[in-house]
$ cat coords21.csv   # CSV, C-alpha atoms
chain,number,residue,atom,x,y,z
S,1,MET,CA,-97.0,-8.9,54.0
S,2,GLU,CA,-96.5,-11.1,57.1
S,3,ILE,CA,-97.9,-8.3,59.3
S,4,LEU,CA,-101.0,-8.0,57.1
S,5,LEU,CA,-101.6,-11.8,57.2
S,6,LYS,CA,-101.3,-11.8,61.0
S,7,GLN,CA,-103.8,-8.9,61.2
S,8,LEU,CA,-106.1,-10.6,58.8
S,9,GLN,CA,-105.9,-13.8,60.8
S,10,GLU,CA,-106.8,-12.1,64.1
S,11,LEU,CA,-109.5,-10.0,62.6
S,12,SER,CA,-111.3,-12.8,60.8
S,13,VAL,CA,-111.2,-15.1,63.9
S,14,LEU,CA,-112.4,-12.3,66.2
S,15,ARG,CA,-115.1,-11.0,63.8
S,16,ARG,CA,-116.4,-14.5,63.1
S,17,LYS,CA,-116.8,-15.1,66.9
S,18,GLU,CA,-118.5,-11.7,67.3
S,19,LEU,CA,-121.0,-12.6,64.7
S,20,ASN,CA,-121.3,-16.2,66.0
S,21,ILE,CA,-120.8,-17.7,62.5
S,22,LYS,CA,-119.2,-21.0,61.7
S,23,GLN,CA,-116.5,-21.5,59.1
S,24,GLU,CA,-118.8,-23.6,57.0
S,25,GLU,CA,-121.5,-20.9,56.9
S,26,LEU,CA,-118.9,-18.3,56.1
S,27,SER,CA,-117.6,-20.4,53.3
S,28,GLY,CA,-121.1,-20.7,51.9
S,29,LEU,CA,-121.8,-17.0,52.1
S,30,THR,CA,-118.5,-15.9,50.7
S,31,GLY,CA,-118.0,-18.6,48.1
S,32,ILE,CA,-114.4,-19.0,49.5
S,33,ALA,CA,-113.3,-22.6,50.0
S,34,ILE,CA,-113.4,-23.6,53.7
S,35,ARG,CA,-109.8,-24.7,53.5
S,36,THR,CA,-108.8,-21.2,52.4
S,37,ILE,CA,-110.7,-19.7,55.4
S,38,ARG,CA,-109.0,-22.2,57.7
S,39,ASP,CA,-105.6,-21.3,56.3
S,40,ILE,CA,-106.3,-17.5,56.7
S,41,GLU,CA,-107.4,-18.1,60.3
S,42,LYS,CA,-104.2,-20.0,61.0
S,43,GLY,CA,-102.1,-17.2,59.4
S,44,LYS,CA,-101.1,-19.5,56.6
S,45,GLY,CA,-101.5,-19.3,52.8
S,46,ASN,CA,-101.3,-16.4,50.4
S,47,PRO,CA,-104.8,-15.2,49.8
S,48,SER,CA,-105.5,-12.9,46.9
S,49,LEU,CA,-106.8,-9.4,47.4
S,50,GLU,CA,-110.1,-10.5,45.9
S,51,THR,CA,-110.4,-13.3,48.5
S,52,ILE,CA,-109.6,-10.9,51.3
S,53,GLU,CA,-112.1,-8.3,50.1
S,54,LYS,CA,-114.8,-11.0,49.7
S,55,LEU,CA,-114.2,-12.4,53.2
S,56,MET,CA,-114.0,-9.0,54.9
S,57,GLY,CA,-117.0,-7.7,53.0
S,58,VAL,CA,-119.3,-10.5,54.3
S,59,LEU,CA,-117.8,-10.0,57.8
S,60,GLY,CA,-118.7,-6.3,57.5
S,61,ILE,CA,-115.2,-5.0,57.4
S,62,GLN,CA,-114.1,-2.4,54.9
S,63,LEU,CA,-110.6,-2.5,53.4
S,64,THR,CA,-108.9,0.9,53.2
S,65,PHE,CA,-105.5,2.0,51.9
S,66,SER,CA,-103.9,5.2,53.1
S,67,LEU,CA,-100.7,7.1,52.4
S,68,ARG,CA,-97.7,5.9,54.4
S,69,LYS,CA,-96.8,8.4,57.1
J,1,MET,CA,-138.3,-32.8,98.6
J,2,ASN,CA,-138.6,-36.3,97.2
J,3,ARG,CA,-136.8,-35.6,93.9
J,4,THR,CA,-137.5,-39.1,92.4
J,5,ALA,CA,-141.2,-38.3,92.5
J,6,TYR,CA,-140.5,-35.6,89.9
J,7,SER,CA,-138.2,-37.5,87.7
J,8,THR,CA,-138.8,-37.4,83.9
J,9,PRO,CA,-137.8,-39.9,81.3
J,10,ARG,CA,-136.0,-37.2,79.3
J,11,CYS,CA,-134.3,-33.9,79.7
J,12,PRO,CA,-136.8,-31.0,80.0
J,13,GLY,CA,-134.3,-28.9,78.1
J,14,THR,CA,-132.9,-30.8,75.1
J,15,LEU,CA,-135.5,-33.6,75.3
J,16,LYS,CA,-132.7,-36.1,75.2
J,17,LYS,CA,-133.7,-39.5,76.5
J,18,GLY,CA,-132.0,-41.1,79.5
J,19,PHE,CA,-132.1,-38.1,81.9
J,20,GLU,CA,-134.3,-37.8,84.9
J,21,THR,CA,-133.8,-34.0,85.1
J,22,TYR,CA,-131.8,-31.5,83.1
J,23,CYS,CA,-128.9,-33.0,81.1
J,24,PRO,CA,-125.4,-31.5,81.3
J,25,ALA,CA,-125.8,-29.5,78.1
J,26,THR,CA,-129.0,-27.8,79.4
J,27,LEU,CA,-127.3,-27.1,82.8
J,28,ARG,CA,-124.3,-25.6,81.0
J,29,ASN,CA,-126.2,-23.5,78.5
J,30,LEU,CA,-129.0,-22.2,80.7
J,31,PHE,CA,-127.8,-22.4,84.3
J,32,GLY,CA,-124.0,-21.9,84.1
J,33,GLY,CA,-123.4,-25.5,84.9
J,34,ARG,CA,-125.2,-25.4,88.3
J,35,GLN,CA,-127.3,-28.3,89.4
J,36,VAL,CA,-130.7,-26.6,89.1
J,37,PHE,CA,-133.7,-29.0,89.5
J,38,HIS,CA,-136.6,-28.9,87.0
J,39,VAL,CA,-139.3,-28.5,89.7
J,40,LEU,CA,-139.6,-25.3,91.8
J,41,PRO,CA,-141.3,-26.0,95.1
J,42,ASP,CA,-139.7,-23.4,97.3
J,43,PHE,CA,-139.9,-20.8,94.7
J,44,TYR,CA,-143.6,-21.5,94.2
J,45,ARG,CA,-144.5,-20.9,97.9
J,46,GLU,CA,-142.1,-18.2,99.0
J,47,GLU,CA,-141.5,-15.9,96.2
J,48,THR,CA,-143.4,-12.7,95.5
J,49,TRP,CA,-144.4,-12.6,91.9
J,50,GLU,CA,-145.9,-9.2,91.2
J,51,PRO,CA,-142.7,-7.1,91.3
J,52,ALA,CA,-141.0,-9.5,88.8
J,53,ILE,CA,-143.7,-9.2,86.1
J,54,ILE,CA,-142.1,-8.2,82.8
J,55,PRO,CA,-144.3,-5.9,80.7
J,56,GLY,CA,-144.4,-7.0,77.0
J,57,PRO,CA,-146.2,-8.5,74.1
J,58,HIS,CA,-147.8,-11.4,75.9
J,59,HIS,CA,-150.7,-13.4,74.5
J,60,GLY,CA,-153.1,-16.1,75.5
J,61,GLY,CA,-153.0,-15.5,79.2
J,62,GLN,CA,-149.2,-15.7,79.4
J,63,SER,CA,-147.3,-14.0,82.2
J,64,TRP,CA,-143.6,-13.3,82.0
J,65,TYR,CA,-141.4,-13.0,85.1
J,66,GLY,CA,-137.8,-12.0,85.6
J,67,ILE,CA,-135.7,-14.7,87.3
J,68,ASN,CA,-132.3,-14.7,88.9
J,69,GLN,CA,-130.2,-17.6,89.8
J,70,LEU,CA,-128.2,-17.8,93.0
J,71,LYS,CA,-126.1,-21.0,92.9
J,72,ASN,CA,-128.6,-23.7,92.1
J,73,ARG,CA,-131.7,-21.8,93.2
J,74,LEU,CA,-134.0,-19.6,91.2
J,75,HIS,CA,-135.6,-16.4,92.5
J,76,THR,CA,-138.0,-13.9,91.1
J,77,ASP,CA,-136.1,-10.7,90.1
J,78,ILE,CA,-137.2,-8.2,87.5
J,79,GLY,CA,-133.5,-7.6,86.6
J,80,GLY,CA,-132.6,-11.3,86.4
J,81,ARG,CA,-130.8,-12.8,83.5
J,82,LEU,CA,-133.5,-15.5,83.0
J,83,MET,CA,-137.2,-15.2,82.2
J,84,LEU,CA,-140.1,-17.5,83.2
J,85,LYS,CA,-143.1,-17.7,80.9
J,86,THR,CA,-146.1,-19.3,82.4
J,87,VAL,CA,-149.8,-19.7,81.7
J,88,PHE,CA,-152.5,-19.7,84.3
J,89,PRO,CA,-155.3,-22.2,83.8
J,90,GLY,CA,-158.6,-20.8,82.6
J,91,THR,CA,-157.2,-17.6,81.1
J,92,GLY,CA,-158.0,-16.9,77.5
J,93,ASN,CA,-160.1,-18.9,75.1
J,94,LEU,CA,-157.4,-20.9,73.6
J,95,ARG,CA,-157.4,-24.7,73.0
J,96,PHE,CA,-154.6,-26.4,75.0
J,97,SER,CA,-153.8,-23.1,76.6
J,98,ILE,CA,-151.9,-24.7,79.4
J,99,GLU,CA,-149.6,-26.3,76.9
J,100,GLN,CA,-148.3,-23.0,75.5
J,101,PRO,CA,-144.9,-23.3,77.4
J,102,ALA,CA,-144.3,-26.9,76.1
J,103,ASN,CA,-145.4,-25.8,72.6
J,104,GLU,CA,-143.0,-22.9,72.6
J,105,HIS,CA,-140.2,-25.1,74.1
J,106,LEU,CA,-140.7,-27.7,71.4
J,107,CYS,CA,-140.5,-25.1,68.7
J,108,LEU,CA,-137.4,-23.5,70.1
J,109,GLN,CA,-135.7,-26.9,70.3
J,110,LEU,CA,-136.7,-27.8,66.8
J,111,ALA,CA,-135.2,-24.5,65.6
J,112,SER,CA,-131.8,-25.1,67.3
J,113,GLN,CA,-131.5,-28.8,67.1
J,114,VAL,CA,-133.0,-29.6,63.7
J,115,PHE,CA,-132.8,-26.4,61.7
J,116,ASP,CA,-129.6,-24.9,62.9
J,117,ILE,CA,-131.1,-21.6,64.0
J,118,ASP,CA,-129.4,-19.5,66.6
J,119,THR,CA,-131.8,-19.7,69.6
J,120,ILE,CA,-131.9,-18.3,73.1
J,121,PRO,CA,-131.2,-21.0,75.7
J,122,ASN,CA,-134.4,-22.5,77.0
J,123,ALA,CA,-136.0,-25.4,79.0
J,124,LEU,CA,-139.2,-26.4,80.6
J,125,VAL,CA,-139.5,-26.0,84.4
J,126,PHE,CA,-142.4,-27.4,86.4
J,127,PHE,CA,-144.5,-26.2,89.4
J,128,PRO,CA,-145.1,-28.8,92.0
J,129,ASP,CA,-148.6,-29.5,90.6
J,130,GLY,CA,-147.0,-30.4,87.3
J,131,GLN,CA,-147.9,-27.2,85.5
J,132,PRO,CA,-145.2,-26.4,82.9
J,133,ALA,CA,-143.5,-23.0,82.4
J,134,LEU,CA,-140.8,-22.0,80.0
J,135,ILE,CA,-137.5,-20.7,81.3
J,136,THR,CA,-135.3,-18.9,78.9
J,137,GLY,CA,-132.2,-16.7,78.8
J,138,THR,CA,-132.7,-13.0,78.1
J,139,PHE,CA,-130.9,-10.4,76.1
J,140,THR,CA,-128.6,-8.7,78.5
J,141,PRO,CA,-128.5,-4.9,78.5
J,142,ASN,CA,-125.1,-4.8,76.7
J,143,LEU,CA,-126.7,-6.5,73.7
J,144,GLN,CA,-129.1,-3.6,73.3
J,145,PHE,CA,-131.8,-5.7,71.7
J,146,GLN,CA,-134.0,-3.7,69.4
J,147,ASP,CA,-137.1,-5.4,67.9
J,148,PHE,CA,-138.1,-4.7,64.3
J,149,ASN,CA,-141.3,-2.9,65.2
J,150,SER,CA,-139.3,-0.4,67.2
J,151,LEU,CA,-136.7,0.0,64.6
J,152,GLN,CA,-139.3,0.6,61.9
J,153,HIS,CA,-140.9,3.2,64.1
J,154,LYS,CA,-137.5,4.9,64.5
J,155,LEU,CA,-136.6,4.8,60.8
J,156,VAL,CA,-140.0,5.6,59.4
J,157,PRO,CA,-142.3,7.1,62.1
J,158,GLY,CA,-146.0,6.5,61.4
J,159,LYS,CA,-145.5,3.7,58.9
J,160,PRO,CA,-145.9,0.3,60.5
J,161,LEU,CA,-143.9,-2.8,59.6
J,162,ILE,CA,-145.9,-4.7,57.0
J,163,THR,CA,-143.7,-7.2,55.3
J,164,TYR,CA,-140.7,-9.5,56.1
J,165,ARG,CA,-138.9,-7.9,53.2
J,166,ARG,CA,-138.9,-4.6,55.2
J,167,MET,CA,-137.0,-6.4,58.0
J,168,ALA,CA,-134.3,-7.2,55.5
J,169,GLU,CA,-134.2,-3.5,54.4
J,170,ILE,CA,-133.7,-2.5,58.0
J,171,ILE,CA,-130.8,-5.0,58.2
J,172,ASP,CA,-129.3,-3.4,55.1
J,173,ALA,CA,-129.6,0.0,56.7
J,174,LEU,CA,-128.1,-1.0,60.1
J,175,CYS,CA,-125.9,-4.1,59.9
J,176,ALA,CA,-122.3,-4.0,58.6
J,177,ALA,CA,-122.4,-7.7,58.0
J,178,ALA,CA,-125.8,-7.5,56.4
J,179,LEU,CA,-125.5,-10.8,54.4
J,180,ILE,CA,-125.0,-12.8,57.6
J,181,ALA,CA,-127.9,-11.1,59.3
J,182,LYS,CA,-130.2,-11.6,56.3
J,183,GLU,CA,-129.3,-15.3,56.0
J,184,ARG,CA,-130.4,-15.7,59.7
J,185,LEU,CA,-133.6,-13.7,59.1
J,186,PHE,CA,-134.4,-15.9,56.2
J,187,ARG,CA,-134.0,-19.1,58.3
J,188,GLN,CA,-136.2,-17.6,61.1
J,189,VAL,CA,-138.9,-16.5,58.7
J,190,VAL,CA,-139.1,-19.9,56.9
J,191,PHE,CA,-139.2,-21.6,60.3
J,192,SER,CA,-141.9,-19.4,61.6
J,193,TRP,CA,-144.1,-20.2,58.6
J,194,LEU,CA,-143.2,-23.9,58.8
J,195,MET,CA,-144.3,-24.1,62.4
J,196,THR,CA,-147.4,-21.9,61.7
J,197,ASN,CA,-146.2,-19.3,64.1
J,198,GLY,CA,-148.9,-16.8,63.5
J,199,TRP,CA,-148.0,-14.9,66.6
J,200,GLY,CA,-144.4,-14.2,65.4
J,201,HIS,CA,-144.9,-10.5,64.6
J,202,GLY,CA,-142.2,-7.8,64.4
J,203,LYS,CA,-141.9,-7.5,68.2
J,204,PHE,CA,-140.4,-11.0,68.4
J,205,TYR,CA,-137.6,-10.5,65.9
J,206,GLY,CA,-134.8,-8.0,66.2
J,207,LEU,CA,-131.2,-7.0,66.2
J,208,VAL,CA,-128.5,-7.1,68.9
J,209,LYS,CA,-125.2,-5.2,69.1
J,210,THR,CA,-121.9,-7.0,68.8
J,211,SER,CA,-118.9,-6.1,71.0
J,212,ARG,CA,-117.7,-4.0,68.1
J,213,GLY,CA,-120.8,-1.9,68.3
J,214,ASP,CA,-122.5,-2.9,65.0
J,215,TYR,CA,-125.8,-4.7,64.8
J,216,THR,CA,-126.5,-8.3,63.9
J,217,MET,CA,-129.6,-10.6,63.9
J,218,ALA,CA,-130.7,-11.5,67.4
J,219,PRO,CA,-131.1,-15.2,68.3
J,220,LEU,CA,-134.7,-16.5,68.0
J,221,TYR,CA,-136.4,-16.1,71.3
J,222,PHE,CA,-140.0,-16.8,70.5
J,223,ALA,CA,-141.6,-19.5,68.4
J,224,CYS,CA,-144.9,-21.3,68.8
J,225,CYS,CA,-147.3,-23.5,66.7
J,226,GLN,CA,-150.3,-21.2,67.0
J,227,ARG,CA,-152.4,-23.8,65.2
J,228,LEU,CA,-152.4,-25.9,68.4
J,229,HIS,CA,-154.3,-23.2,70.1
J,230,GLU,CA,-156.4,-21.5,67.5
J,231,LEU,CA,-156.7,-20.9,63.7
J,232,SER,CA,-153.7,-19.2,62.4
J,233,SER,CA,-152.8,-16.9,59.5
J,234,GLU,CA,-150.0,-18.0,57.1
J,235,LEU,CA,-147.7,-15.4,58.5
J,236,ALA,CA,-147.9,-12.8,61.3
J,237,LEU,CA,-147.2,-9.7,59.3
J,238,PRO,CA,-150.2,-8.5,57.3
J,239,GLY,CA,-148.2,-7.8,54.1
J,240,GLY,CA,-146.6,-11.3,54.1
J,241,LEU,CA,-143.1,-11.9,52.7
J,242,TYR,CA,-143.1,-9.1,50.1
J,243,GLU,CA,-145.5,-7.0,48.2
J,244,GLY,CA,-147.3,-9.1,45.6
J,245,ASP,CA,-146.3,-12.5,47.1
J,246,THR,CA,-149.9,-13.8,47.1
J,247,ALA,CA,-150.3,-13.0,43.4
J,248,THR,CA,-148.0,-15.7,42.2
J,249,PRO,CA,-149.5,-18.6,40.2
J,250,ALA,CA,-148.2,-21.1,42.8
J,251,PHE,CA,-149.9,-19.2,45.7
J,252,ARG,CA,-153.1,-18.9,43.7
J,253,GLU,CA,-153.1,-22.7,43.0
J,254,ASN,CA,-152.3,-23.7,46.6
J,255,GLY,CA,-153.9,-20.9,48.6
J,256,SER,CA,-150.7,-20.9,50.6
J,257,TYR,CA,-147.0,-20.0,50.4
J,258,THR,CA,-144.8,-22.6,48.7
J,259,ARG,CA,-141.1,-23.0,48.0
J,260,ASN,CA,-141.6,-20.7,45.0
J,261,GLU,CA,-142.5,-17.7,47.2
J,262,PHE,CA,-139.7,-18.4,49.7
J,263,THR,CA,-137.2,-18.7,46.9
J,264,SER,CA,-138.4,-15.3,45.5
J,265,TYR,CA,-138.3,-13.8,49.0
J,266,GLY,CA,-134.7,-15.0,49.5
J,267,ASN,CA,-133.7,-13.5,46.1
J,268,ARG,CA,-135.4,-10.3,46.8
J,269,ILE,CA,-133.6,-9.7,50.1
J,270,GLY,CA,-130.3,-10.2,48.3
J,271,LEU,CA,-129.3,-13.8,49.3
J,272,PRO,CA,-127.3,-15.7,46.6
J,273,GLY,CA,-129.5,-18.3,44.9
J,274,HIS,CA,-127.4,-21.3,46.1
J,275,ILE,CA,-127.7,-20.1,49.8
J,276,VAL,CA,-131.5,-19.9,49.4
J,277,GLU,CA,-131.6,-23.4,47.9
J,278,ASN,CA,-129.4,-24.9,50.5
J,279,ILE,CA,-131.5,-23.4,53.4
J,280,LEU,CA,-134.8,-24.6,51.9
J,281,ASN,CA,-133.3,-28.1,51.3
J,282,MET,CA,-132.1,-28.1,54.9
J,283,PHE,CA,-135.7,-27.5,56.0
J,284,VAL,CA,-136.9,-30.3,53.7
J,285,ASN,CA,-134.3,-32.8,54.9
J,286,GLY,CA,-135.0,-32.1,58.5
J,287,LYS,CA,-138.4,-33.8,58.5
J,288,GLU,CA,-137.4,-37.1,60.1
J,289,LYS,CA,-135.4,-35.5,62.9
J,290,ALA,CA,-138.3,-33.0,63.5
J,291,GLU,CA,-140.8,-35.9,63.8
J,292,LYS,CA,-138.6,-37.6,66.4
J,293,LEU,CA,-138.3,-34.4,68.5
J,294,ILE,CA,-142.1,-33.7,68.2
J,295,GLY,CA,-142.6,-37.2,69.6
J,296,LEU,CA,-140.5,-36.4,72.6
J,297,ALA,CA,-142.2,-33.1,73.5
J,298,PHE,CA,-143.8,-32.6,76.9
J,299,LEU,CA,-147.2,-32.5,75.3
J,300,PRO,CA,-150.3,-34.7,75.3
J,301,ASP,CA,-150.5,-37.1,72.2
J,302,GLU,CA,-153.4,-35.2,70.8
J,303,ALA,CA,-151.4,-31.9,70.9
J,304,LYS,CA,-148.4,-33.6,69.3
J,305,ALA,CA,-150.6,-34.9,66.5
J,306,ILE,CA,-151.9,-31.4,65.7
J,307,ILE,CA,-148.4,-30.0,65.6
J,308,GLN,CA,-147.2,-32.8,63.4
J,309,PHE,CA,-150.1,-32.5,61.0
J,310,SER,CA,-149.6,-28.8,60.7
J,311,PHE,CA,-145.8,-29.3,60.2
J,312,ASN,CA,-146.4,-31.9,57.5
J,313,GLU,CA,-148.9,-29.8,55.6
J,314,LYS,CA,-146.4,-26.9,55.4
J,315,TRP,CA,-143.4,-29.1,54.8
J,316,SER,CA,-145.1,-30.7,51.7
J,317,ARG,CA,-145.2,-27.2,50.1
J,318,LEU,CA,-141.5,-26.6,50.7
J,319,ARG,CA,-140.4,-29.6,48.6
$ encode --input "coords21.csv" --output "structure tokens"
Amino acid sequence: MEILLKQLQELSVLRRKELNIKQEELSGLTGIAIRTIRDIEKGKGNPSLETIEKLMGVLGIQLTFSLRK
Amino acid sequence: MNRTAYSTPRCPGTLKKGFETYCPATLRNLFGGRQVFHVLPDFYREETWEPAIIPGPHHGGQSWYGINQLKNRLHTDIGGRLMLKTVFPGTGNLRFSIEQPANEHLCLQLASQVFDIDTIPNALVFFPDGQPALITGTFTPNLQFQDFNSLQHKLVPGKPLITYRRMAEIIDALCAAALIAKERLFRQVVFSWLMTNGWGHGKFYGLVKTSRGDYTMAPLYFACCQRLHELSSELALPGGLYEGDTATPAFRENGSYTRNEFTSYGNRIGLPGHIVENILNMFVNGKEKAEKLIGLAFLPDEAKAIIQFSFNEKWSRLR
């Protein structure tokens, strides 16, 4: 889970910068509290799968699960 | 050169008071922090203009030139990362034609400073005789800017871009982060109407590529109050916001778009209702700040009054 959170942190910060969108705007578009977005970007917290899906969906990232190799 | 002779009471970029030339923010955003001066005497005399002309959708006697910056000096260069938009006196039949660069500059500053719209860096620059020109950043080749007219032609050859709703459909087809791009499109469309930018057709809006290779909405790079120069239509695209938008009771009553049609447009392109409301409220609440900025523009008082009148008229319909 720690690795996933770290990946999520890096991806959300990077993607937000690529799209040049502020945390406040992202909060408005996703409906996720700004504090939760800040926590995710700091690698803190324990976001639900629904929150992750919402956030990534607006940032244009698709979540996929694959068989462990 | 006697620089004090050319000093201005405010920054020709941000319009902030207390600066005799470009303020640090303008120097940083447009000129990489170099001490570029806002008057171009050497450039005016020595440079060759013809090879730097940028072909494009110009209007009203405007000419666009590619500009490059070497340290704190500017030179004509078709491949330059800056662009100079100027107007030659006596061309076209437009009212206040010489004020086009200052008009465009004011509108771009209103967009970025008051209405939080992502806008290409820009500032006014002057020839030694005082004639203004607009200097802006450009979309570098790696951004692969594609305007909506071209995108429409690629997606549906032979069927021109008619409505602003179609722009959103193109975004849905091409942008991974479509909601973010459509929120930006919505802001740009409302702003274009608010400023009576009847020249803001599909060529002036578009998409750019992110470093990941997907598309997102390009920053605003053209805005102008057309009403200063001539009579203007409500919107540039002939089909308006969406099909049937002029058949609403509110439009019939007012003979113009109102908050009602923009709310409907926002909903139809898939923006959540609260986002649409927040953006429209942001435009309504920006009136006082907009008035102050219009008052600081490098325009004659009569021109400012026309822009202010036009703005107020539209603004009253957004409440």
$ atom_distance --input "coords21.csv" --atom1 "CA of Thr76 in chain J" --atom2 "CA of Thr48 in chain J"
7.1 Å
$ interface_residues --input "coords21.csv" --of "chain S" --to "chain J" --cutoff "10 Å" --atoms "all atoms listed in the file" --output "tab-separated table (two decimals) with C-alpha atoms, in the coordinates of the input"
chain	number	residue	atom	x	y	z
S	15	ARG	CA	-115.10	-11.00	63.80
S	17	LYS	CA	-116.80	-15.10	66.90
S	18	GLU	CA	-118.50	-11.70	67.30
S	19	LEU	CA	-121.00	-12.60	64.70
S	20	ASN	CA	-121.30	-16.20	66.00
S	21	ILE	CA	-120.80	-17.70	62.50
S	25	GLU	CA	-121.50	-20.90	56.90
S	26	LEU	CA	-118.90	-18.30	56.10
S	28	GLY	CA	-121.10	-20.70	51.90
S	29	LEU	CA	-121.80	-17.00	52.10
S	30	THR	CA	-118.50	-15.90	50.70
S	31	GLY	CA	-118.00	-18.60	48.10
S	56	MET	CA	-114.00	-9.00	54.90
S	57	GLY	CA	-117.00	-7.70	53.00
S	58	VAL	CA	-119.30	-10.50	54.30
S	59	LEU	CA	-117.80	-10.00	57.80
S	60	GLY	CA	-118.70	-6.30	57.50
S	61	ILE	CA	-115.20	-5.00	57.40
S	62	GLN	CA	-114.10	-2.40	54.90
$ atom_distance --input "coords21.csv" --atom1 "CA of Glu99 in chain J" --atom2 "CA of Phe222 in chain J"
14.9 Å
$ atom_distance --input "coords21.csv" --atom1 "CA of Gly158 in chain J" --atom2 "CA of Phe191 in chain J"
28.9 Å
$ closest_residue --input "coords21.csv" --among "S:Ser12, S:Lys54, S:Thr64, S:Gln23" --to "Arg35 in chain S" --atoms "all atoms listed in the file"
S:Gln23
$ closest_residue --input "coords21.csv" --among "S:Ile32, S:Ile40, S:Ser27, S:Leu67" --to "Lys6 in chain S" --atoms "all atoms listed in the file"
S:Ile40
$ closest_residue --input "coords21.csv" --among "S:Ile52, S:Leu5, S:Val13, S:Leu63" --to "Arg38 in chain S" --atoms "all atoms listed in the file"
S:Val13
$ residues_near_point --input "coords21.csv" --point "(-147.8, -10.9, 61.4)" --cutoff "10 Å" --atoms "all atoms listed in the file" --output "PyMOL selection string"
chain J and resi 161-164+197-203+233-241
$ residues_near_point --input "coords21.csv" --point "(-144.5, -22.2, 64.1)" --cutoff "6 Å" --atoms "all atoms listed in the file" --output "number ranges by chain"
J: 192-197, 223-225
$ residues_around --input "coords21.csv" --residues "Leu299 in chain J" --least-positions-apart "6" --cutoff "12 Å" --atoms "all atoms listed in the file" --output "PDB file with C-alpha atoms, in the frame of the given file"
ATOM      1  CA  PRO J  12    -136.800 -31.000  80.000  1.00  0.00           C
ATOM      2  CA  LEU J  15    -135.500 -33.600  75.300  1.00  0.00           C
ATOM      3  CA  PHE J  96    -154.600 -26.400  75.000  1.00  0.00           C
ATOM      4  CA  SER J  97    -153.800 -23.100  76.600  1.00  0.00           C
ATOM      5  CA  ILE J  98    -151.900 -24.700  79.400  1.00  0.00           C
ATOM      6  CA  GLU J  99    -149.600 -26.300  76.900  1.00  0.00           C
ATOM      7  CA  GLN J 100    -148.300 -23.000  75.500  1.00  0.00           C
ATOM      8  CA  PRO J 101    -144.900 -23.300  77.400  1.00  0.00           C
ATOM      9  CA  ALA J 102    -144.300 -26.900  76.100  1.00  0.00           C
ATOM     10  CA  ASN J 103    -145.400 -25.800  72.600  1.00  0.00           C
ATOM     11  CA  GLU J 104    -143.000 -22.900  72.600  1.00  0.00           C
ATOM     12  CA  HIS J 105    -140.200 -25.100  74.100  1.00  0.00           C
ATOM     13  CA  LEU J 106    -140.700 -27.700  71.400  1.00  0.00           C
ATOM     14  CA  CYS J 107    -140.500 -25.100  68.700  1.00  0.00           C
ATOM     15  CA  LEU J 124    -139.200 -26.400  80.600  1.00  0.00           C
ATOM     16  CA  GLN J 131    -147.900 -27.200  85.500  1.00  0.00           C
ATOM     17  CA  PRO J 132    -145.200 -26.400  82.900  1.00  0.00           C
ATOM     18  CA  LEU J 228    -152.400 -25.900  68.400  1.00  0.00           C
ATOM     19  CA  LEU J 293    -138.300 -34.400  68.500  1.00  0.00           C
ATOM     20  CA  ALA J 305    -150.600 -34.900  66.500  1.00  0.00           C
ATOM     21  CA  ILE J 306    -151.900 -31.400  65.700  1.00  0.00           C
ATOM     22  CA  ILE J 307    -148.400 -30.000  65.600  1.00  0.00           C
ATOM     23  CA  GLN J 308    -147.200 -32.800  63.400  1.00  0.00           C
TER      24      GLN J 308
END
